[in-house]
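Structure file query.csv with CSV, C-alpha atoms and all ligand atoms:
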```csv
chain,number,residue,atom,x,y,z
T,1,MET,CA,85.1,-72.9,100.3
T,2,ALA,CA,82.0,-70.8,101.0
T,3,HIS,CA,81.0,-68.2,98.4
T,4,LYS,CA,82.0,-64.6,99.1
T,5,SER,CA,80.5,-61.5,97.7
T,6,GLY,CA,80.0,-57.9,98.5
T,7,PHE,CA,80.0,-54.2,97.6
T,8,VAL,CA,83.4,-52.6,97.2
T,9,ASN,CA,83.2,-48.9,97.0
T,10,LEU,CA,86.0,-46.7,95.6
T,11,VAL,CA,86.2,-43.2,97.2
T,12,GLY,CA,88.7,-40.5,97.2
T,13,LYS,CA,89.5,-37.0,96.1
T,14,PRO,CA,89.1,-35.9,92.4
T,15,ASN,CA,91.8,-37.1,90.0
T,16,VAL,CA,93.5,-39.6,92.3
T,17,GLY,CA,92.8,-42.4,89.8
T,18,LYS,CA,89.6,-44.0,91.0
T,19,SER,CA,88.1,-44.6,87.6
T,20,THR,CA,91.4,-45.8,86.1
T,21,LEU,CA,91.7,-48.4,88.9
T,22,MET,CA,88.1,-49.6,88.5
T,23,ASN,CA,88.6,-50.1,84.8
T,24,GLU,CA,91.9,-51.9,85.4
T,25,LEU,CA,90.3,-54.2,88.0
T,26,MET,CA,87.3,-54.9,85.7
T,27,GLY,CA,89.5,-55.3,82.6
T,28,GLU,CA,86.9,-53.2,80.8
T,29,LYS,CA,86.5,-49.5,80.3
T,30,LEU,CA,83.3,-48.9,82.3
T,31,SER,CA,84.2,-45.5,83.7
T,32,ILE,CA,85.4,-42.5,81.8
T,33,VAL,CA,88.9,-41.2,82.6
T,34,THR,CA,90.4,-37.7,81.9
T,35,SER,CA,92.9,-35.5,83.6
T,36,LYS,CA,90.1,-33.2,84.6
T,37,ALA,CA,88.4,-33.2,88.0
T,38,GLN,CA,84.7,-34.1,88.1
T,39,THR,CA,85.0,-36.4,85.1
T,40,THR,CA,82.9,-38.9,87.0
T,41,ARG,CA,79.5,-37.6,88.0
T,42,HIS,CA,77.5,-40.7,88.9
T,43,ARG,CA,78.2,-43.9,90.7
T,44,ILE,CA,79.4,-46.5,88.2
T,45,PHE,CA,78.9,-50.2,89.0
T,46,GLY,CA,81.1,-52.9,87.7
T,47,ILE,CA,80.5,-56.6,88.6
T,48,TRP,CA,83.5,-58.9,88.8
T,49,SER,CA,82.8,-62.6,89.3
T,50,ASP,CA,84.5,-65.9,89.4
T,51,GLU,CA,83.3,-69.3,90.6
T,52,ASP,CA,83.4,-68.5,94.3
T,53,THR,CA,83.4,-64.7,94.4
T,54,GLN,CA,81.4,-61.8,93.3
T,55,ILE,CA,82.6,-58.2,93.8
T,56,VAL,CA,80.3,-55.3,93.0
T,57,PHE,CA,82.6,-52.3,92.5
T,58,SER,CA,81.3,-48.9,92.6
T,59,ASP,CA,83.3,-46.0,91.3
T,60,THR,CA,82.2,-42.6,92.7
T,61,PRO,CA,82.6,-39.0,91.8
T,62,GLY,CA,85.5,-37.3,93.8
T,63,ILE,CA,84.5,-35.7,97.0
T,64,ILE,CA,83.9,-32.0,96.2
T,65,MET,CA,85.0,-30.0,99.2
T,66,LYS,CA,83.2,-26.7,98.3
T,67,PRO,CA,80.1,-27.5,96.3
T,68,ILE,CA,78.9,-24.6,94.2
T,69,TYR,CA,76.1,-26.0,92.1
T,70,GLU,CA,73.2,-28.2,93.2
T,71,LEU,CA,74.8,-30.8,90.9
T,72,HIS,CA,77.9,-30.8,93.2
T,73,SER,CA,75.8,-31.6,96.2
T,74,LYS,CA,74.1,-34.5,94.3
T,75,MET,CA,77.6,-35.8,93.4
T,76,ASN,CA,78.6,-35.7,97.0
T,77,ASP,CA,75.4,-37.5,97.9
T,78,PHE,CA,76.6,-40.4,95.7
T,79,VAL,CA,79.8,-40.5,97.7
T,80,LYS,CA,77.9,-40.5,101.0
T,81,GLU,CA,75.8,-43.3,99.7
T,82,ALA,CA,78.9,-45.2,98.8
T,83,PHE,CA,79.9,-45.2,102.5
T,84,GLN,CA,76.5,-46.5,103.6
T,85,ASP,CA,76.2,-49.6,101.4
T,86,ALA,CA,79.8,-50.8,101.3
T,87,ASP,CA,81.2,-54.1,102.6
T,88,ILE,CA,84.7,-52.8,101.9
T,89,ILE,CA,85.8,-49.2,101.3
T,90,ILE,CA,88.8,-48.6,99.1
T,91,TYR,CA,90.2,-45.2,99.8
T,92,ILE,CA,92.4,-44.0,96.9
T,93,THR,CA,95.0,-41.4,97.5
T,94,GLU,CA,98.1,-40.1,95.9
T,95,PHE,CA,101.4,-38.6,97.0
T,96,GLY,CA,101.0,-35.1,98.1
T,97,GLU,CA,97.5,-35.5,99.5
T,98,GLU,CA,99.0,-35.6,103.0
T,99,LYS,CA,99.1,-31.8,102.8
T,100,TYR,CA,95.4,-31.4,102.1
T,101,LEU,CA,93.8,-34.0,104.3
T,102,SER,CA,90.2,-33.8,105.2
T,103,GLU,CA,89.9,-34.4,108.9
T,104,TYR,CA,86.2,-35.2,108.3
T,105,LEU,CA,87.1,-38.0,105.9
T,106,ILE,CA,89.8,-39.5,108.1
T,107,LYS,CA,87.4,-39.5,111.0
T,108,LYS,CA,84.8,-41.2,108.8
T,109,LEU,CA,87.3,-43.8,107.6
T,110,ASN,CA,88.3,-44.6,111.2
T,111,ALA,CA,84.8,-44.9,112.3
T,112,VAL,CA,83.4,-47.3,109.8
T,113,LYS,CA,82.9,-50.9,111.0
T,114,ILE,CA,83.9,-52.5,107.6
T,115,PRO,CA,87.4,-53.1,106.3
T,116,VAL,CA,89.2,-50.1,104.7
T,117,LEU,CA,91.9,-50.6,102.1
T,118,VAL,CA,94.0,-47.6,101.3
T,119,LEU,CA,95.6,-47.6,97.9
T,120,ILE,CA,98.4,-45.0,97.5
T,121,ASN,CA,98.2,-44.6,93.7
T,122,LYS,CA,100.6,-43.2,91.1
T,123,ILE,CA,103.8,-44.6,92.7
T,124,ASP,CA,105.2,-44.6,89.2
T,125,LYS,CA,105.7,-40.9,89.8
T,126,SER,CA,107.9,-41.5,92.8
T,127,GLN,CA,111.5,-42.6,92.1
T,128,GLU,CA,112.5,-43.3,95.6
T,129,THR,CA,111.2,-46.4,97.5
T,130,HIS,CA,112.0,-44.5,100.6
T,131,SER,CA,109.2,-42.0,100.0
T,132,ILE,CA,106.8,-44.8,99.2
T,133,THR,CA,107.6,-46.4,102.6
T,134,LYS,CA,107.1,-43.1,104.2
T,135,GLY,CA,103.7,-42.7,102.5
T,136,VAL,CA,102.7,-46.2,103.8
T,137,ASP,CA,103.8,-45.3,107.3
T,138,PHE,CA,101.9,-42.0,107.2
T,139,TRP,CA,98.6,-43.7,106.2
T,140,HIS,CA,99.2,-46.4,108.7
T,141,SER,CA,99.5,-44.0,111.6
T,142,LEU,CA,96.4,-42.1,110.4
T,143,LEU,CA,94.3,-45.2,109.8
T,144,PRO,CA,95.7,-47.9,112.1
T,145,LYS,CA,93.1,-50.5,111.2
T,146,ALA,CA,93.3,-50.1,107.5
T,147,GLU,CA,95.4,-52.1,105.0
T,148,ILE,CA,97.7,-50.0,103.0
T,149,LEU,CA,99.0,-50.8,99.5
T,150,PRO,CA,101.1,-48.6,97.2
T,151,ILE,CA,100.1,-49.0,93.6
T,152,SER,CA,100.0,-47.6,90.1
T,153,ALA,CA,96.7,-48.1,88.5
T,154,LEU,CA,97.9,-46.7,85.1
T,155,TYR,CA,101.2,-48.7,85.0
T,156,LYS,CA,99.7,-51.8,86.7
T,157,LEU,CA,102.2,-51.8,89.6
T,158,ASN,CA,101.0,-54.0,92.5
T,159,THR,CA,97.5,-54.0,91.0
T,160,GLU,CA,97.6,-57.8,90.9
T,161,LEU,CA,97.6,-57.8,94.7
T,162,ILE,CA,94.3,-56.0,94.9
T,163,LEU,CA,91.8,-58.6,93.9
T,164,PRO,CA,93.3,-61.3,96.3
T,165,LYS,CA,93.2,-58.7,99.1
T,166,ILE,CA,89.6,-57.9,98.4
T,167,LYS,CA,88.7,-61.6,98.3
T,168,GLU,CA,90.3,-62.0,101.7
T,169,LEU,CA,88.3,-59.2,103.2
T,170,LEU,CA,84.9,-60.0,101.6
T,171,PRO,CA,82.1,-61.4,103.7
T,172,GLU,CA,80.6,-64.8,103.0
T,173,ALA,CA,77.5,-64.3,101.0
T,174,PRO,CA,75.8,-65.6,97.9
T,175,ALA,CA,76.1,-63.7,94.6
T,176,TYR,CA,73.9,-60.7,94.3
T,177,TYR,CA,73.8,-60.6,90.5
T,178,ASP,CA,73.9,-63.0,87.6
T,179,LYS,CA,77.5,-64.1,87.1
T,180,GLU,CA,77.4,-63.2,83.4
T,181,LEU,CA,76.5,-59.6,84.2
T,182,PHE,CA,79.4,-57.1,84.3
T,183,THR,CA,77.5,-53.9,85.0
T,184,THR,CA,74.0,-52.7,85.9
T,185,LEU,CA,74.3,-49.6,83.8
T,186,SER,CA,72.3,-49.2,80.6
T,187,GLU,CA,73.7,-49.0,77.1
T,188,ARG,CA,72.5,-45.4,76.8
T,189,PHE,CA,74.4,-44.5,79.9
T,190,PHE,CA,77.7,-45.7,78.3
T,191,VAL,CA,76.9,-43.7,75.2
T,192,ASN,CA,76.2,-40.5,77.3
T,193,GLU,CA,79.4,-41.0,79.2
T,194,THR,CA,81.6,-41.7,76.1
T,195,ILE,CA,80.3,-38.5,74.5
T,196,ARG,CA,80.9,-36.6,77.7
T,197,GLU,CA,84.5,-37.9,77.9
T,198,LYS,CA,85.2,-36.6,74.4
T,199,ILE,CA,83.7,-33.2,75.4
T,200,LEU,CA,86.0,-33.1,78.4
T,201,LEU,CA,88.9,-33.8,76.1
T,202,ASN,CA,88.0,-31.3,73.4
T,203,TYR,CA,86.9,-28.2,75.2
T,204,GLN,CA,88.4,-25.8,77.7
T,205,LYS,CA,87.5,-24.3,81.0
T,206,GLU,CA,83.8,-24.3,82.0
T,207,ILE,CA,82.4,-25.8,78.8
T,208,PRO,CA,82.7,-29.5,79.7
T,209,TYR,CA,81.2,-28.8,83.1
T,210,SER,CA,78.1,-27.0,81.6
T,211,VAL,CA,77.4,-30.1,79.5
T,212,GLU,CA,75.0,-33.0,80.1
T,213,VAL,CA,74.4,-35.7,77.5
T,214,VAL,CA,71.1,-37.6,77.0
T,215,THR,CA,70.7,-40.4,74.5
T,216,GLU,CA,67.2,-40.2,73.1
T,217,SER,CA,67.4,-43.2,70.9
T,218,PHE,CA,69.4,-46.4,70.7
T,219,LYS,CA,68.4,-48.8,68.0
T,220,ASP,CA,70.3,-52.0,67.9
T,221,GLU,CA,69.8,-53.3,64.3
T,222,GLU,CA,71.3,-56.3,62.6
T,223,ASN,CA,74.5,-54.8,61.4
T,224,ILE,CA,74.5,-51.4,63.0
T,225,ILE,CA,73.5,-49.5,66.1
T,226,ARG,CA,71.8,-46.2,65.4
T,227,ILE,CA,72.1,-43.6,68.2
T,228,GLU,CA,70.7,-40.2,68.6
T,229,SER,CA,72.1,-38.1,71.5
T,230,ILE,CA,71.5,-34.6,72.7
T,231,ILE,CA,74.3,-32.4,74.2
T,232,TYR,CA,72.7,-30.0,76.6
T,233,VAL,CA,74.5,-26.8,77.5
T,234,GLU,CA,73.5,-23.9,79.8
T,235,ARG,CA,73.7,-21.0,77.4
T,236,ASN,CA,73.4,-20.1,73.7
T,237,THR,CA,77.1,-19.0,73.5
T,238,GLN,CA,78.1,-22.4,74.8
T,239,LYS,CA,76.1,-24.0,72.1
T,240,GLY,CA,78.1,-22.1,69.5
T,241,ILE,CA,81.3,-23.2,71.1
T,242,ILE,CA,80.3,-26.8,71.2
T,243,ILE,CA,79.3,-26.8,67.5
T,244,GLY,CA,82.4,-24.9,66.4
T,245,HIS,CA,83.2,-23.2,63.1
T,246,LYS,CA,81.2,-25.0,60.3
T,247,GLY,CA,80.4,-27.7,62.8
T,248,GLU,CA,84.0,-29.0,62.9
T,249,LYS,CA,84.3,-29.2,66.7
T,250,ILE,CA,81.2,-31.3,67.2
T,251,LYS,CA,82.1,-33.5,64.2
T,252,LYS,CA,85.4,-34.3,65.9
T,253,VAL,CA,83.6,-35.2,69.2
T,254,GLY,CA,81.2,-37.4,67.2
T,255,THR,CA,84.0,-39.3,65.4
T,256,GLN,CA,86.0,-39.9,68.6
T,257,ALA,CA,82.9,-41.1,70.5
T,258,ARG,CA,81.8,-43.3,67.6
T,259,ILE,CA,85.2,-45.1,67.4
T,260,ASP,CA,85.1,-45.8,71.2
T,261,LEU,CA,81.5,-47.0,71.0
T,262,GLU,CA,82.3,-49.3,68.1
T,263,ASN,CA,85.0,-50.9,70.2
T,264,PHE,CA,82.8,-51.1,73.3
T,265,PHE,CA,79.7,-52.6,71.5
T,266,ASN,CA,81.7,-54.4,68.9
T,267,LYS,CA,79.4,-53.2,66.2
T,268,LYS,CA,79.2,-50.5,63.6
T,269,ILE,CA,77.7,-47.3,65.0
T,270,TYR,CA,75.8,-44.4,63.5
T,271,LEU,CA,75.9,-41.5,65.9
T,272,ASN,CA,73.8,-38.4,65.4
T,273,LEU,CA,74.5,-35.5,67.8
T,274,PHE,CA,72.3,-32.5,68.6
T,275,VAL,CA,73.0,-29.5,70.8
T,276,LYS,CA,70.3,-27.9,72.9
T,277,VAL,CA,70.2,-25.2,75.5
T,278,LYS,CA,68.7,-26.0,78.9
T,279,LYS,CA,69.3,-22.8,80.9
T,280,ASP,CA,71.2,-23.3,84.2
T,281,TRP,CA,70.4,-27.0,84.4
T,282,ARG,CA,73.1,-27.5,87.1
T,283,SER,CA,71.1,-25.5,89.6
T,284,ASN,CA,67.7,-26.8,88.6
T,285,GLU,CA,66.3,-29.5,90.7
T,286,GLN,CA,63.9,-30.8,88.1
T,287,ASP,CA,66.5,-30.9,85.3
T,288,LEU,CA,68.9,-32.8,87.7
T,289,LYS,CA,66.2,-35.3,88.4
T,290,LYS,CA,65.6,-35.8,84.7
T,291,PHE,CA,69.3,-36.3,84.1
T,292,GLY,CA,69.4,-39.0,86.8
T,293,TYR,CA,71.1,-37.2,89.7
T,294,SER,CA,68.4,-37.8,92.2
T,295,LYS,CA,65.8,-40.4,92.8
Z,1,LIG,P1,89.4,-40.1,89.3
Z,1,LIG,O1,89.0,-38.6,89.1
Z,1,LIG,O2,89.9,-40.3,90.7
Z,1,LIG,O3,88.5,-41.0,88.8
Z,1,LIG,O4,90.8,-40.2,88.4
Z,1,LIG,P2,91.0,-40.7,86.9
Z,1,LIG,O5,90.9,-42.2,86.9
Z,1,LIG,O6,90.0,-40.0,86.0
Z,1,LIG,O7,92.4,-40.3,86.6
Z,1,LIG,C1,92.9,-38.9,86.7
Z,1,LIG,C2,94.2,-38.8,86.0
Z,1,LIG,O8,95.2,-39.5,86.7
Z,1,LIG,C3,94.1,-39.4,84.6
Z,1,LIG,O9,94.8,-38.5,83.7
Z,1,LIG,C4,94.8,-40.7,84.7
Z,1,LIG,O10,95.4,-41.1,83.5
Z,1,LIG,C5,95.9,-40.4,85.8
Z,1,LIG,N1,96.3,-41.6,86.5
Z,1,LIG,C6,95.5,-42.6,87.1
Z,1,LIG,N2,96.3,-43.5,87.7
Z,1,LIG,C7,97.6,-43.1,87.5
Z,1,LIG,C8,98.8,-43.7,87.9
Z,1,LIG,O11,98.9,-44.8,88.5
Z,1,LIG,N3,99.9,-43.0,87.5
Z,1,LIG,C9,99.9,-41.8,86.8
Z,1,LIG,N4,101.1,-41.3,86.6
Z,1,LIG,N5,98.7,-41.3,86.5
Z,1,LIG,C10,97.6,-41.9,86.8
Z,2,K,K,89.4,-37.4,86.6
Z,3,MG,MG,86.5,-40.8,88.1
```
Once more with this new file: its structure as structure tokens, please.
Ligand code: GDP
Ligand code: K
Ligand code: MG
Amino acid sequence: MAHKSGFVNLVGKPNVGKSTLMNELMGEKLSIVTSKAQTTRHRIFGIWSDEDTQIVFSDTPGIIMKPIYELHSKMNDFVKEAFQDADIIIYITEFGEEKYLSEYLIKKLNAVKIPVLVLINKIDKSQETHSITKGVDFWHSLLPKAEILPISALYKLNTELILPKIKELLPEAPAYYDKELFTTLSERFFVNETIREKILLNYQKEIPYSVEVVTESFKDEENIIRIESIIYVERNTQKGIIIGHKGEKIKKVGTQARIDLENFFNKKIYLNLFVKVKKDWRSNEQDLKKFGYSK
């Protein structure tokens, strides 16, 4: 059998479960997951290989319909990019989205020349098989050329069908990356994202969205990894909120992040966090560039 490989890009609205699915398919937590929209800000690459296949998954930020900050436009650019370099598009949706369809997106999905696989996620929430069938029929009528599969990424329903389906749809090509590699992202990126996930979980409202994390130092020593990261916020008041009374809030974030990182890197971690203000970074082209949102 000839070798198959290709780029499989996950797109969809915020919170439909793109990152959960990517982690499930990879068997590895590469992409952070929370119940908040805009958890994923960058494209996250996961490389899945076996003897005769290589799949380069790319998780993307959700499509932001009404961008407010320059940051949002950059996030949407990552989604556009994902349409351009794909061999297969996986469009993830959930029940209820039928009511808020983006015509633009449907047109785009119908126009692409590559295979489209629609995954209707979170079927665990639906008790009736009847409504699942209705959902499948609905997407089928909307995207006649697409393959439709109802799944639950979180509860692993039908997820075992996805890899075989992708393998079927992939083009014949040699591997793009070393087969041992499972991501192209740096260790520092995972540290930043892990800290950002804990911030999303521990703070309310606008706070997590005003935050960017930069890891300044990552020293992999014999028995320990020493990490120093900066949490950037947009205003002084936000800095106070992040730190919390007697530093308790940031201590909690640090502890939670450290535990996850120790699991991920399989090593003891020393994590030192600093908080700094970078005024209105979300609207500042230069800051966005520095934070890796544009080339
Ligand atoms: P993304 O924004 O599309 O990347 O979505 P996430 O992967 O971050 O997931 C958003 C929320 O939906 C999280 O709270 C997940 O735990 C939840 N979620 C993801 N998949 C499922 C599923 O199959 N069933 C249910 N009930 N929840 C899910
Ligand atoms: K999310
Ligand atoms: Mg995500």
With 10 Å as the cut-off and only C-alpha atoms counted, what is the closest atom pair between each nearby residue of region 127-245 of chain T and region 259-275 of chain T? Distances in Å to one decimal, ordered by chain and number, as a Markdown table.
```
| residue | atom | partner | partner_atom | distance |
| --- | --- | --- | --- | --- |
| T:Glu187 | CA | T:Phe265 | CA | 9.0 |
| T:Phe190 | CA | T:Leu261 | CA | 8.3 |
| T:Val191 | CA | T:Leu261 | CA | 7.0 |
| T:Thr194 | CA | T:Asp260 | CA | 7.3 |
| T:Ile195 | CA | T:Leu261 | CA | 9.3 |
| T:Lys198 | CA | T:Asp260 | CA | 9.7 |
| T:Val211 | CA | T:Val275 | CA | 9.8 |
| T:Val213 | CA | T:Val275 | CA | 9.2 |
| T:Val214 | CA | T:Phe274 | CA | 9.9 |
| T:Thr215 | CA | T:Leu273 | CA | 9.1 |
| T:Ser217 | CA | T:Asn272 | CA | 9.7 |
| T:Phe218 | CA | T:Leu271 | CA | 9.4 |
| T:Lys219 | CA | T:Tyr270 | CA | 9.7 |
| T:Asp220 | CA | T:Ile269 | CA | 9.2 |
| T:Glu221 | CA | T:Lys267 | CA | 9.8 |
| T:Glu222 | CA | T:Lys267 | CA | 9.4 |
| T:Asn223 | CA | T:Lys268 | CA | 6.7 |
| T:Ile224 | CA | T:Lys268 | CA | 4.8 |
| T:Ile225 | CA | T:Ile269 | CA | 4.9 |
| T:Arg226 | CA | T:Tyr270 | CA | 4.8 |
| T:Ile227 | CA | T:Leu271 | CA | 4.9 |
| T:Glu228 | CA | T:Asn272 | CA | 4.8 |
| T:Ser229 | CA | T:Leu273 | CA | 5.1 |
| T:Ile230 | CA | T:Phe274 | CA | 4.7 |
| T:Ile231 | CA | T:Val275 | CA | 4.7 |
| T:Tyr232 | CA | T:Val275 | CA | 5.8 |
| T:Val233 | CA | T:Val275 | CA | 7.4 |
| T:Asn236 | CA | T:Val275 | CA | 9.8 |
| T:Gln238 | CA | T:Val275 | CA | 9.6 |
| T:Lys239 | CA | T:Val275 | CA | 6.4 |
| T:Gly240 | CA | T:Val275 | CA | 9.1 |
| T:Ile242 | CA | T:Val275 | CA | 7.8 |
| T:Ile243 | CA | T:Val275 | CA | 7.6 |
```
### Task
In Å, rounded to a single decimal, give me how far atom C8 of ligand LIG 1 (chain Z) is from CA of Gln127 (chain T).
13.4 Å
### Task
Please extract the residues at most 8 Å from ligand MG 3 (chain Z), counting all atoms listed in the file, and provide them as an MDAnalysis selection string, using the chain letters and residue numbers of this document.
chainID T and resid 14:15 17:20 31:34 37:41 59:62
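With distances restricted to all atoms listed in the file, T:Val16 is the closest residue to ligand K 2 (chain Z) from T:Ala173, T:Val16, T:Leu30, T:Ile148.
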#### Entry: Which of T:Asp280, T:Glu28, T:Glu234, T:Glu103 sits closest to Leu142 (chain T) [using only C-alpha atoms]
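Between T:Asp280, T:Glu28, T:Glu234, T:Glu103, the residue approaching Leu142 (chain T) most closely is T:Glu103.
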### Query
Could you pull the residues within 12 Å of Val136 (chain T), counting only C-alpha atoms, minus those fewer than 3 positions along the same chain, as a list in words?
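So, after excluding close chain neighbours, the residues are Thr93, Glu94, Phe95, Glu98, Leu117, Val118, Leu119, Ile120, Asn121, Ile123, Thr129, His130, Ser131, Ile132, Thr133, Trp139, His140, Ser141, Leu142, Leu143, Pro144, Ala146, Glu147, Ile148, Leu149, Pro150 and Ile151 of chain T.
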### Query
When distances are computed from all atoms listed in the file, which of T:Gln84, T:Gln256, T:Thr159, T:Ser186 shows the smallest separation from ligand LIG 1 (chain Z)?
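For ligand LIG 1 (chain Z), the nearest of the given residues is T:Thr159.
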### Task
Can you work out the spacing between CA of Ile64 (chain T) and CA of Glu206 (chain T) in Å, to one decimal?
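Rounded to one decimal, the two atoms are 16.2 Å apart.
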#### Entry: Among the residues T:Ser58, T:Ile162, T:Ile250, T:Leu154, the one that comes closest to Ala82 (chain T) [using only C-alpha atoms]
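Looking only at the distances to Ala82 (chain T), the closest residue turns out to be T:Ser58.
Nearest residue to ligand LIG 1 (chain Z) among T:Phe138, T:Tyr293, T:Tyr155, T:Tyr104 is T:Tyr155, counting only C-alpha atoms and all ligand atoms.
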### Task
Could you tell me which of T:Leu181, T:Val8, T:Leu200, T:Ile114 comes closest to ligand LIG 1 (chain Z) if we count only C-alpha atoms and all ligand atoms?
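Of T:Leu181, T:Val8, T:Leu200, T:Ile114, the one nearest ligand LIG 1 (chain Z) is T:Leu200, counting only C-alpha atoms and all ligand atoms.
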### Task
Take CA of Lys4 (chain T) and CA of Pro171 (chain T) and report the distance between them in Å, one decimal.
5.6 Å
### Task
Show which residues sit within 7 Å of His3 (chain T), as a list in words. Count all atoms listed in the file, and ignore same-chain residues fewer than 2 positions away.
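Listed by chain and then number, they are Met1, Ser5, Asp52, Thr53, Glu172, Ala173 and Pro174 of chain T.
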### Task
Determine, counting all atoms listed in the file, which protein, DNA and RNA residues have an atom within 10 Å of an atom of Gly96 (chain T); residues of the same chain fewer than 4 positions away are not included. Present the result as a PyMOL selection string.
chain T and resi 100-101+135
### Task
Within 9 Å of Leu169 (chain T), counting all atoms listed in the file, which residues show up once you throw out same-chain ones fewer than 2 positions away? Write them as a PyMOL selection string, please.
chain T and resi 87-88+115+164-167+171
